[in-house]
>>> print(open('model_11.csv').read())   # CSV, C-alpha atoms
chain,number,residue,atom,x,y,z
B,1166,MET,CA,5.1,4.1,12.1
B,1167,PRO,CA,4.2,5.3,8.6
B,1168,ALA,CA,0.7,5.4,7.4
B,1169,MET,CA,-0.6,2.2,5.7
B,1170,ASN,CA,-1.0,2.4,2.0
B,1171,THR,CA,-3.9,0.5,0.4
B,1172,THR,CA,-4.0,0.1,-3.4
B,1173,LYS,CA,-6.2,-2.1,-5.6
B,1174,THR,CA,-4.5,-4.7,-7.6
B,1175,GLY,CA,-6.3,-7.2,-9.7
B,1176,GLY,CA,-9.6,-6.4,-7.9
B,1177,ARG,CA,-8.0,-7.0,-4.5
B,1178,SER,CA,-6.2,-4.7,-2.1
B,1179,ALA,CA,-2.6,-4.5,-1.3
B,1180,ARG,CA,-1.7,-3.1,2.1
B,1181,SER,CA,1.7,-1.8,3.1
B,1182,ASP,CA,3.3,-0.1,6.0
B,1183,VAL,CA,6.1,1.2,3.8
B,1184,PRO,CA,5.8,4.6,2.2
B,1185,LEU,CA,5.1,4.2,-1.5
B,1186,HIS,CA,4.7,6.9,-4.0
B,1187,VAL,CA,4.8,5.5,-7.6
B,1188,GLY,CA,4.8,8.0,-10.4
B,1189,PRO,CA,7.0,9.2,-13.3
B,1190,GLY,CA,10.7,9.0,-12.4
B,1191,HIS,CA,10.0,7.0,-9.2
B,1192,ALA,CA,12.1,4.0,-8.3
B,1193,ALA,CA,9.4,1.8,-9.9
B,1194,ALA,CA,10.8,2.9,-13.3
B,1195,ARG,CA,14.4,1.7,-12.3
B,1196,PRO,CA,15.6,-1.8,-12.1
B,1197,LEU,CA,16.0,-3.1,-8.5
B,1198,GLY,CA,19.6,-4.0,-9.0
B,1199,GLY,CA,22.0,-1.1,-8.4
B,1200,PRO,CA,25.6,-0.9,-7.2
B,1201,ARG,CA,24.9,-4.0,-5.1
B,1202,ARG,CA,22.4,-6.6,-6.2
B,1203,LEU,CA,19.6,-7.2,-3.7
B,1204,ARG,CA,19.4,-10.7,-2.2
B,1205,ILE,CA,15.8,-11.8,-1.9
B,1206,ALA,CA,14.4,-15.0,-0.5
B,1207,VAL,CA,11.1,-16.1,-2.1
B,1208,ALA,CA,8.9,-18.8,-0.4
B,1209,GLU,CA,5.9,-20.1,-2.3
B,1210,ASP,CA,4.5,-23.6,-2.5
B,1211,SER,CA,3.1,-23.2,-6.0
B,1212,ALA,CA,6.1,-23.9,-8.3
B,1213,GLU,CA,4.5,-21.8,-11.1
B,1214,MET,CA,3.9,-18.7,-8.8
B,1215,ARG,CA,7.4,-19.1,-7.2
B,1216,ALA,CA,9.0,-19.2,-10.6
B,1217,LEU,CA,7.1,-16.2,-11.8
B,1218,ILE,CA,8.0,-14.1,-8.8
B,1219,ALA,CA,11.6,-15.2,-8.9
B,1220,ALA,CA,11.9,-14.5,-12.6
B,1221,THR,CA,10.4,-11.0,-12.2
B,1222,LEU,CA,12.8,-10.1,-9.4
B,1223,ARG,CA,15.8,-11.6,-11.3
B,1224,ALA,CA,14.8,-9.6,-14.4
B,1225,ASP,CA,14.9,-6.5,-12.2
B,1226,GLY,CA,18.5,-7.3,-11.2
B,1227,CYS,CA,18.0,-9.2,-7.9
B,1228,ASP,CA,19.6,-12.4,-6.7
B,1229,VAL,CA,16.8,-14.7,-5.7
B,1230,VAL,CA,16.9,-17.8,-3.5
B,1231,GLU,CA,13.7,-19.9,-3.7
B,1232,ALA,CA,12.0,-22.0,-1.0
B,1233,ARG,CA,9.1,-24.4,-1.4
B,1234,ASP,CA,7.6,-23.7,2.1
B,1235,GLY,CA,8.1,-21.9,5.4
B,1236,LEU,CA,10.2,-24.7,6.9
B,1237,GLU,CA,12.7,-24.5,4.0
B,1238,LEU,CA,12.6,-20.7,4.1
B,1239,VAL,CA,13.7,-20.6,7.8
B,1240,ALA,CA,16.3,-23.3,7.0
B,1241,ILE,CA,17.8,-20.9,4.4
B,1242,VAL,CA,17.4,-17.5,5.9
B,1243,ALA,CA,18.4,-18.1,9.6
B,1244,PRO,CA,21.9,-19.6,8.8
B,1245,ALA,CA,22.5,-16.9,6.1
B,1246,GLU,CA,21.8,-14.2,8.8
B,1247,ARG,CA,24.2,-15.9,11.2
B,1248,SER,CA,26.9,-16.1,8.6
B,1249,GLY,CA,26.7,-12.5,7.6
B,1250,MET,CA,25.0,-13.2,4.3
B,1251,ALA,CA,21.6,-11.8,5.3
B,1252,PHE,CA,18.9,-11.3,2.8
B,1253,ASP,CA,17.7,-7.8,1.9
B,1254,LEU,CA,14.0,-8.9,1.8
B,1255,ILE,CA,11.8,-12.0,2.2
B,1256,VAL,CA,8.7,-12.5,0.0
B,1257,SER,CA,6.6,-15.3,1.4
B,1258,ASP,CA,3.2,-16.9,0.7
B,1259,LEU,CA,0.9,-17.2,3.7
B,1260,ARG,CA,-0.5,-20.7,3.2
B,1261,MET,CA,2.1,-23.3,2.7
B,1262,PRO,CA,2.7,-26.9,3.9
B,1263,GLU,CA,5.0,-27.7,6.8
B,1264,ARG,CA,5.1,-24.1,8.0
B,1265,SER,CA,3.0,-21.2,7.0
B,1266,GLY,CA,4.4,-17.8,6.0
B,1267,MET,CA,3.1,-16.4,9.2
B,1268,GLU,CA,4.7,-19.2,11.3
B,1269,ALA,CA,8.0,-18.7,9.3
B,1270,LEU,CA,7.9,-14.9,10.0
B,1271,GLY,CA,7.4,-15.6,13.8
B,1272,ALA,CA,10.2,-18.2,13.8
B,1273,LEU,CA,12.6,-15.9,12.0
B,1274,ARG,CA,11.7,-13.0,14.4
B,1275,ASP,CA,12.3,-15.3,17.4
B,1276,GLU,CA,15.8,-16.1,15.9
B,1277,GLY,CA,16.6,-12.3,15.7
B,1278,VAL,CA,16.2,-12.0,12.0
B,1279,ARG,CA,14.8,-8.5,11.2
B,1280,THR,CA,14.9,-8.7,7.4
B,1281,PRO,CA,11.9,-6.9,5.8
B,1282,TYR,CA,9.2,-9.5,5.2
B,1283,LEU,CA,6.5,-9.1,2.5
B,1284,LEU,CA,3.6,-11.6,2.8
B,1285,ILE,CA,1.4,-12.6,-0.2
B,1286,THR,CA,-1.9,-14.4,0.2
B,1287,ALA,CA,-5.0,-15.5,-1.6
B,1288,PHE,CA,-6.7,-15.5,1.8
B,1289,GLY,CA,-6.1,-12.0,3.0
B,1290,ASP,CA,-8.7,-10.7,5.4
B,1291,ASP,CA,-8.4,-7.8,7.8
B,1292,GLU,CA,-7.3,-10.0,10.7
B,1293,THR,CA,-4.6,-11.7,8.6
B,1294,HIS,CA,-3.3,-8.3,7.5
B,1295,ARG,CA,-3.3,-7.0,11.1
B,1296,ASP,CA,-1.6,-10.1,12.5
B,1297,ALA,CA,1.1,-9.9,9.8
B,1298,ARG,CA,1.8,-6.3,10.5
B,1299,GLN,CA,2.0,-7.0,14.3
B,1300,LEU,CA,4.6,-9.7,13.6
B,1301,GLY,CA,6.6,-7.2,11.5
B,1302,ALA,CA,5.6,-7.8,7.9
B,1303,VAL,CA,6.2,-4.6,5.9
B,1304,ALA,CA,3.4,-5.4,3.5
B,1305,VAL,CA,0.7,-7.9,2.7
B,1306,LEU,CA,-0.3,-8.4,-1.0
B,1307,ASP,CA,-3.5,-10.1,-1.8
B,1308,LYS,CA,-3.4,-12.4,-4.9
B,1309,PRO,CA,-3.8,-11.8,-7.7
B,1310,PHE,CA,-1.4,-8.8,-7.6
B,1311,ASP,CA,0.4,-6.8,-10.3
B,1312,LEU,CA,4.1,-7.8,-10.6
B,1313,ASP,CA,5.1,-4.2,-11.2
B,1314,TRP,CA,3.4,-3.4,-7.9
B,1315,LEU,CA,5.4,-6.2,-6.2
B,1316,CYS,CA,8.6,-4.7,-7.6
B,1317,ALA,CA,7.6,-1.2,-6.3
B,1318,LEU,CA,6.9,-2.6,-2.8
B,1319,VAL,CA,10.3,-4.4,-2.9
B,1320,ARG,CA,12.0,-1.1,-3.7
B,1321,ALA,CA,10.1,0.8,-1.1
B,1322,ALA,CA,10.9,-1.8,1.6
B,1323,VAL,CA,14.7,-1.9,0.9
B,1324,GLU,CA,15.7,1.5,-0.4
B,1325,PRO,CA,16.2,4.5,1.8
B,1326,PRO,CA,13.8,7.3,1.2
B,1327,ARG,CA,14.8,9.7,-1.5
B,1328,GLY,CA,14.8,13.4,-0.8
>>> encode(input="model_11.csv", output="structure tokens")
Amino acid sequence: MPAMNTTKTGGRSARSDVPLHVGPGHAAARPLGGPRRLRIAVAEDSAEMRALIAATLRADGCDVVEARDGLELVAIVAPAERSGMAFDLIVSDLRMPERSGMEALGALRDEGVRTPYLLITAFGDDETHRDARQLGAVAVLDKPFDLDWLCALVRAAVEPPRG
């Protein structure tokens, strides 16, 4: 398992199990869209935050499907996986009505969905970060976070290592 990266964003930490080296010429300087547009599911109960994340990822060349909560996320992602239209990445808030981001992650893993999962939260403590990683989240971002950092984590989670 790669070493965990911890970086300060907006006064809070962002932790990731994906190798991330951002600098001049790194993938963070390139749009996410490439020969094939990435398909990303975004689950966030705050309409404003969901729209901001989705707009940022779309501006970087991704196709984004939005969900209002964890229940809707599972209802979108699981059938897509079964039909061969799997998502490249899932970005989900932790605290949402109906089903939390952590519960959605567990439900998707139980259904065999292995799509990389990036969790965002305003309530990230060490236990939450540890539990998310144990369930298979590739990263946990504490709100507020930098949108460029989010895009860099998305790239690191879905692109093969360069070299």
>>> residues_around(input="model_11.csv", residues="region 1254-1270 of chain B", least_positions_apart="3", cutoff="10 Å", atoms="all atoms listed in the file", output="mmCIF file with C-alpha atoms, in the coordinates of the input")
data_model
loop_
_atom_site.group_PDB
_atom_site.id
_atom_site.type_symbol
_atom_site.label_atom_id
_atom_site.label_comp_id
_atom_site.auth_asym_id
_atom_site.auth_seq_id
_atom_site.Cartn_x
_atom_site.Cartn_y
_atom_site.Cartn_z
ATOM 1 C CA LEU B 1203 19.600 -7.200 -3.700
ATOM 2 C CA ARG B 1204 19.400 -10.700 -2.200
ATOM 3 C CA ILE B 1205 15.800 -11.800 -1.900
ATOM 4 C CA ALA B 1206 14.400 -15.000 -0.500
ATOM 5 C CA VAL B 1207 11.100 -16.100 -2.100
ATOM 6 C CA ALA B 1208 8.900 -18.800 -0.400
ATOM 7 C CA GLU B 1209 5.900 -20.100 -2.300
ATOM 8 C CA ASP B 1210 4.500 -23.600 -2.500
ATOM 9 C CA SER B 1211 3.100 -23.200 -6.000
ATOM 10 C CA MET B 1214 3.900 -18.700 -8.800
ATOM 11 C CA ARG B 1215 7.400 -19.100 -7.200
ATOM 12 C CA ILE B 1218 8.000 -14.100 -8.800
ATOM 13 C CA ALA B 1219 11.600 -15.200 -8.900
ATOM 14 C CA VAL B 1229 16.800 -14.700 -5.700
ATOM 15 C CA VAL B 1230 16.900 -17.800 -3.500
ATOM 16 C CA GLU B 1231 13.700 -19.900 -3.700
ATOM 17 C CA ALA B 1232 12.000 -22.000 -1.000
ATOM 18 C CA ARG B 1233 9.100 -24.400 -1.400
ATOM 19 C CA ASP B 1234 7.600 -23.700 2.100
ATOM 20 C CA GLY B 1235 8.100 -21.900 5.400
ATOM 21 C CA LEU B 1236 10.200 -24.700 6.900
ATOM 22 C CA GLU B 1237 12.700 -24.500 4.000
ATOM 23 C CA LEU B 1238 12.600 -20.700 4.100
ATOM 24 C CA VAL B 1239 13.700 -20.600 7.800
ATOM 25 C CA ALA B 1240 16.300 -23.300 7.000
ATOM 26 C CA VAL B 1242 17.400 -17.500 5.900
ATOM 27 C CA ALA B 1251 21.600 -11.800 5.300
ATOM 28 C CA LEU B 1273 12.600 -15.900 12.000
ATOM 29 C CA ARG B 1274 11.700 -13.000 14.400
ATOM 30 C CA ASP B 1275 12.300 -15.300 17.400
ATOM 31 C CA GLU B 1276 15.800 -16.100 15.900
ATOM 32 C CA VAL B 1278 16.200 -12.000 12.000
ATOM 33 C CA ARG B 1279 14.800 -8.500 11.200
ATOM 34 C CA THR B 1280 14.900 -8.700 7.400
ATOM 35 C CA PRO B 1281 11.900 -6.900 5.800
ATOM 36 C CA TYR B 1282 9.200 -9.500 5.200
ATOM 37 C CA LEU B 1283 6.500 -9.100 2.500
ATOM 38 C CA LEU B 1284 3.600 -11.600 2.800
ATOM 39 C CA ILE B 1285 1.400 -12.600 -0.200
ATOM 40 C CA THR B 1286 -1.900 -14.400 0.200
ATOM 41 C CA ALA B 1287 -5.000 -15.500 -1.600
ATOM 42 C CA PHE B 1288 -6.700 -15.500 1.800
ATOM 43 C CA GLY B 1289 -6.100 -12.000 3.000
ATOM 44 C CA THR B 1293 -4.600 -11.700 8.600
ATOM 45 C CA ASP B 1296 -1.600 -10.100 12.500
ATOM 46 C CA ALA B 1297 1.100 -9.900 9.800
ATOM 47 C CA LEU B 1300 4.600 -9.700 13.600
ATOM 48 C CA GLY B 1301 6.600 -7.200 11.500
ATOM 49 C CA ALA B 1302 5.600 -7.800 7.900
ATOM 50 C CA VAL B 1303 6.200 -4.600 5.900
ATOM 51 C CA ALA B 1304 3.400 -5.400 3.500
ATOM 52 C CA VAL B 1305 0.700 -7.900 2.700
ATOM 53 C CA LEU B 1306 -0.300 -8.400 -1.000
ATOM 54 C CA ASP B 1307 -3.500 -10.100 -1.800
ATOM 55 C CA LYS B 1308 -3.400 -12.400 -4.900
ATOM 56 C CA LEU B 1315 5.400 -6.200 -6.200
ATOM 57 C CA VAL B 1319 10.300 -4.400 -2.900
ATOM 58 C CA ARG B 1320 12.000 -1.100 -3.700
ATOM 59 C CA ALA B 1322 10.900 -1.800 1.600
ATOM 60 C CA VAL B 1323 14.700 -1.900 0.900
#
>>> closest_residue(input="model_11.csv", among="B:Ala1272, B:Gly1277, B:Asp1228, B:Thr1221", to="Glu1246 (chain B)", atoms="all atoms listed in the file")
B:Gly1277
>>> closest_residue(input="model_11.csv", among="B:Asp1291, B:Ala1321, B:Arg1298, B:Ser1248", to="Gly1271 (chain B)", atoms="all atoms listed in the file")
B:Arg1298
>>> closest_residue(input="model_11.csv", among="B:Asp1253, B:Ala1245, B:Asp1225, B:Glu1292", to="Cys1316 (chain B)", atoms="all atoms listed in the file")
B:Asp1225
>>> closest_residue(input="model_11.csv", among="B:Leu1217, B:Arg1201, B:Gln1299, B:Phe1252", to="Asp1311 (chain B)", atoms="only C-alpha atoms")
B:Leu1217
>>> atom_distance(input="model_11.csv", atom1="CA of Phe1310 (chain B)", atom2="CA of Leu1222 (chain B)")
14.4 Å
>>> closest_residue(input="model_11.csv", among="B:Met1250, B:Arg1202, B:Ile1241, B:Trp1314", to="Arg1223 (chain B)", atoms="all atoms listed in the file")
B:Arg1202
>>> atom_distance(input="model_11.csv", atom1="CA of Leu1318 (chain B)", atom2="CA of Ala1220 (chain B)")
16.2 Å
